[in-house]
Amino acid sequence: MNEEHIPVRLSHLLRDCSVGAVVRGPDSLVVVQDIRGWDRPGSESSDREIQYVERVRSALGLDRRLRSPPRALERDGTVVGWIPALRFPTWMRCTNTKCGLLHHAPWRNRRPQKRHSRDNESLNSADPDRFRCSECSGGLEQVPWLLVHEDGYLADVPWHYLAHKDAPNPKQKECRYDWKGSYLQMEEAETGRRVVCTTCGASAPFEAGKLPRLQFPNGTWQQPWMREPPAKSPDAAAWVTEINDVRVHAPDICTALVIPPESRIRRGTVTDRLFGSTKSLDSIQSARSELVRKSRIRQLASEYCCTPQELKEAIAEIERGYPLFGKSLTQGDLLADEFRALTEEIPDLREDEDFVTEHHTRGWKEIISTLDGGIPRKVVNAVSNVIAVNRLKEIMVFRGFRRANGERLTPPDITGECDWYPAIELYGEGIFFTLDETRLRNWEDSDHLRRRADEFSQRYVQRGGAGNPEFEIDVTPRFLLCHTLAHLVIRQLDAEAGYPAASLKERIYCSDGKAPMAGILIYVAVPDEEGSLGGLMELAKPKRFLRLLSGAIEAADWCSLDPVCAEQEGHGLDLLNRAACHACALIPETSCRFGNVLLDRVFVKGAKPDIPAFLDVAGTDA
């Protein structure tokens, strides 16, 4: 059978279409295979390593190198560099409801079939590869159900077992599995579906959401594309689910911004080129004598079009620990380090660096003299810094996936034998602003506010985390305020500035410890070195940003579903939202780092008589 190529965006390849995910192509459902099969001939794996991300790896606790996925290219009429995927589920059913026969992998050893029609059915001559039922010649489609296990395993539904497990007749229980796979039927009736064995007559009801959990079948491969079963039979039972069930595949993604000093590295220098060539550097460091070392330096200097002295200086800089020179970060330092880079002015910035900021704070404070009062004046008082991020680079890393709400993380290579993680570089721009710390603390000093936040915190702890964000969340009034405000700004950008909400992202910097933070970064990032078109950073100019933020805060006062929305005691996933719904505060799932939960407009607009509006406290003139 001819290969089917499915085009996928790089960002989707690390999320919805990542390893272990079931992807819908034009003609079939496929499951993406692990990264051990990604380095295929023509994929040029040695050129895919992402350089200058040591800080990111250290801060995220990653012990492997980062490499971008291969990109498919067409050479001499052949597509190379593609990522392998396997057609799955391997069962197909007849779309003729009077038949409903199940077929196991009819594409294997397929032979051209004589085309004919039955019951006056007209066949499309433009569809010569469509699979046909051997019994009634009806069309076949893949079944939309599969078996998932909390240890990360995936398999076909054991249809034979389901049909026979509760059979009353002992002979029916002894019915043998037929590997030809065309003896089971899916019957559709008003009372529901039934799986029927045409050999012995055994049957059982089939409703995926109502089936009890099943033991993962002995001898079944832990992933459809693998050729070995789990080392031991899983203890817990598995779920029969539909392919679009959230329990089938939950990718584990982490992201970080590239900031100084790595963002300031000059590309194309001798040091940069040598650092990026492991082979060249190893050839020098492995020299057995000084004479051999000098010879190799002269040879490389000729290749790099530089002097031997320049090459020696580059080697010395790398040996001293270039580019971080021994500096390392823990996972908890990542956001704090980014926050400092965003708030502090960086001297001598060049436009071609990977992290370029432009501070508008002085102009922001000056416009207050032009304002008489109202919300705009309060907004200027409550916001301490406004910064345009003219250029940024984000690293997105795929660490693995989970299934069936399990805690076990399955790595992208399944076995843990590879020394790299799939990652991509995203380029873009953004708006960053911080809330005034003193005024924010005055607002936080409310028992009613803390009690409302504690209700969120207790629900969040009971769930064990929501949306699997990269870091643990301290659910405080300041976090709920910043997160809700970020969503309101994104929705305002969508409504007034022409930026689709799905193209924007949030990054929340929040802490009330020794190094307090209350910052919000709204940005766009795409896998293109040219980044976006520059419109977002223009909106960080004081007058335009004031109009944007004032509109976002005013929008918090009213929702088209009020008073129902405003008076909710809890709704959404695990009741982790209150005054927030699709009409007022929710945004596309891909834009929110926290799974569209932990949102409440009350932390912005207040709730009479106990909780004051944020601006009524933080926005007053000193």
# chains A, B, ... in the order shown; residues from 1 in each chain; ligands from 1

call {"tool": "closest_atom_pairs", "arguments": {"of": "region 139-211 of chain A", "to": "region 408-429 of chain A", "cutoff": "10 Å", "atoms": "only C-alpha atoms", "output": "Markdown table"}}
result
| residue | atom | partner | partner_atom | distance |
| --- | --- | --- | --- | --- |
| A:Glu150 | CA | A:Arg408 | CA | 7.2 |
| A:Asp151 | CA | A:Arg408 | CA | 5.7 |
| A:Gly152 | CA | A:Thr410 | CA | 6.0 |
| A:Tyr153 | CA | A:Thr410 | CA | 8.9 |

call {"tool": "write_last_selection", "arguments": {"atoms": "C-alpha atoms", "output": "PDB file, in the first residue's frame"}}
result
ATOM      1  CA  GLU A 150      -2.288   4.544  33.257  1.00  0.00           C
ATOM      2  CA  ASP A 151       1.289   3.234  32.832  1.00  0.00           C
ATOM      3  CA  GLY A 152       1.279   4.784  29.352  1.00  0.00           C
ATOM      4  CA  TYR A 153       0.360   1.687  27.344  1.00  0.00           C
TER       5      TYR A 153
END

call {"tool": "residues_around", "arguments": {"residues": "Leu599 (chain A)", "least_positions_apart": "4", "cutoff": "7 Å", "atoms": "only C-alpha atoms", "output": "number ranges by chain"}}
result
A: 480, 483-484, 577-578, 580

call {"tool": "write_last_selection", "arguments": {"atoms": "C-alpha atoms", "output": "JSON list (two decimals), in the first residue's frame"}}
result
[["chain", "number", "residue", "atom", "x", "y", "z"],
["A", 480, "LEU", "CA", -5.50, 34.51, 40.58],
["A", 483, "HIS", "CA", -3.82, 34.95, 35.66],
["A", 484, "THR", "CA", -7.33, 36.34, 35.20],
["A", 577, "ASN", "CA", -13.02, 28.38, 38.07],
["A", 578, "ARG", "CA", -15.59, 30.68, 39.60],
["A", 580, "ALA", "CA", -15.06, 32.93, 34.56]]

call {"tool": "atom_distance", "arguments": {"atom1": "CA of His360 (chain A)", "atom2": "CA of Arg441 (chain A)"}}
result
23.8 Å

call {"tool": "closest_residue", "arguments": {"among": "A:Arg213, A:His104, A:Arg391, A:Arg362", "to": "Thr241 (chain A)", "atoms": "only C-alpha atoms"}}
result
A:Arg213

call {"tool": "residues_around", "arguments": {"residues": "Pro205 (chain A)", "least_positions_apart": "6", "cutoff": "8 Å", "atoms": "only C-alpha atoms", "output": "list of chain:residue names"}}
result
A:Gly192, A:Arg193, A:Arg194, A:Val195

call {"tool": "write_last_selection", "arguments": {"atoms": "N, CA and C atoms", "output": "compact mmCIF listing (two decimals), in the first residue's frame"}}
result
# COMPACT_ATOMS: atom_id res chain seq x y z
N GLY A 192 -28.76 0.05 22.10
CA GLY A 192 -27.32 0.27 22.17
C GLY A 192 -26.55 -0.68 21.27
N ARG A 193 -25.23 -0.62 21.34
CA ARG A 193 -24.38 -1.47 20.53
C ARG A 193 -24.11 -2.80 21.22
N ARG A 194 -23.88 -3.82 20.38
CA ARG A 194 -23.48 -5.13 20.89
C ARG A 194 -22.37 -5.68 20.01
N VAL A 195 -21.40 -6.36 20.63
CA VAL A 195 -20.37 -7.07 19.90
C VAL A 195 -20.78 -8.53 19.83

call {"tool": "atom_distance", "arguments": {"atom1": "CA of Ser18 (chain A)", "atom2": "CA of Leu598 (chain A)"}}
result
26.5 Å

call {"tool": "closest_atom_pairs", "arguments": {"of": "region 371-418 of chain A", "to": "region 244-253 of chain A", "cutoff": "10 Å", "atoms": "only C-alpha atoms", "output": "JSON lines"}}
result
{"residue": "A:Met396", "atom": "CA", "partner": "A:Ile253", "partner_atom": "CA", "distance": 6.9}
{"residue": "A:Val397", "atom": "CA", "partner": "A:Ile253", "partner_atom": "CA", "distance": 5.7}
{"residue": "A:Phe398", "atom": "CA", "partner": "A:Ile253", "partner_atom": "CA", "distance": 4.9}
{"residue": "A:Arg399", "atom": "CA", "partner": "A:Asp252", "partner_atom": "CA", "distance": 5.5}
{"residue": "A:Gly400", "atom": "CA", "partner": "A:Asp252", "partner_atom": "CA", "distance": 5.3}
{"residue": "A:Phe401", "atom": "CA", "partner": "A:Pro251", "partner_atom": "CA", "distance": 4.3}
{"residue": "A:Arg402", "atom": "CA", "partner": "A:Ala250", "partner_atom": "CA", "distance": 5.1}
{"residue": "A:Arg403", "atom": "CA", "partner": "A:His249", "partner_atom": "CA", "distance": 5.2}
{"residue": "A:Ala404", "atom": "CA", "partner": "A:Arg247", "partner_atom": "CA", "distance": 4.3}
{"residue": "A:Asn405", "atom": "CA", "partner": "A:Arg247", "partner_atom": "CA", "distance": 5.9}
{"residue": "A:Gly406", "atom": "CA", "partner": "A:Arg247", "partner_atom": "CA", "distance": 8.8}
{"residue": "A:Leu409", "atom": "CA", "partner": "A:Asp252", "partner_atom": "CA", "distance": 8.0}
{"residue": "A:Thr410", "atom": "CA", "partner": "A:Asp252", "partner_atom": "CA", "distance": 9.3}
{"residue": "A:Pro411", "atom": "CA", "partner": "A:Asp252", "partner_atom": "CA", "distance": 9.4}
{"residue": "A:Pro412", "atom": "CA", "partner": "A:Pro251", "partner_atom": "CA", "distance": 9.8}

call {"tool": "closest_atom_pairs", "arguments": {"of": "region 270-379 of chain A", "to": "region 509-532 of chain A", "cutoff": "9 Å", "atoms": "only C-alpha atoms", "output": "tab-separated table"}}
result
residue	atom	partner	partner_atom	distance
A:Leu335	CA	A:Tyr509	CA	6.4
A:Ala336	CA	A:Tyr509	CA	7.4
A:Glu338	CA	A:Tyr509	CA	8.6
A:Phe339	CA	A:Tyr509	CA	6.7
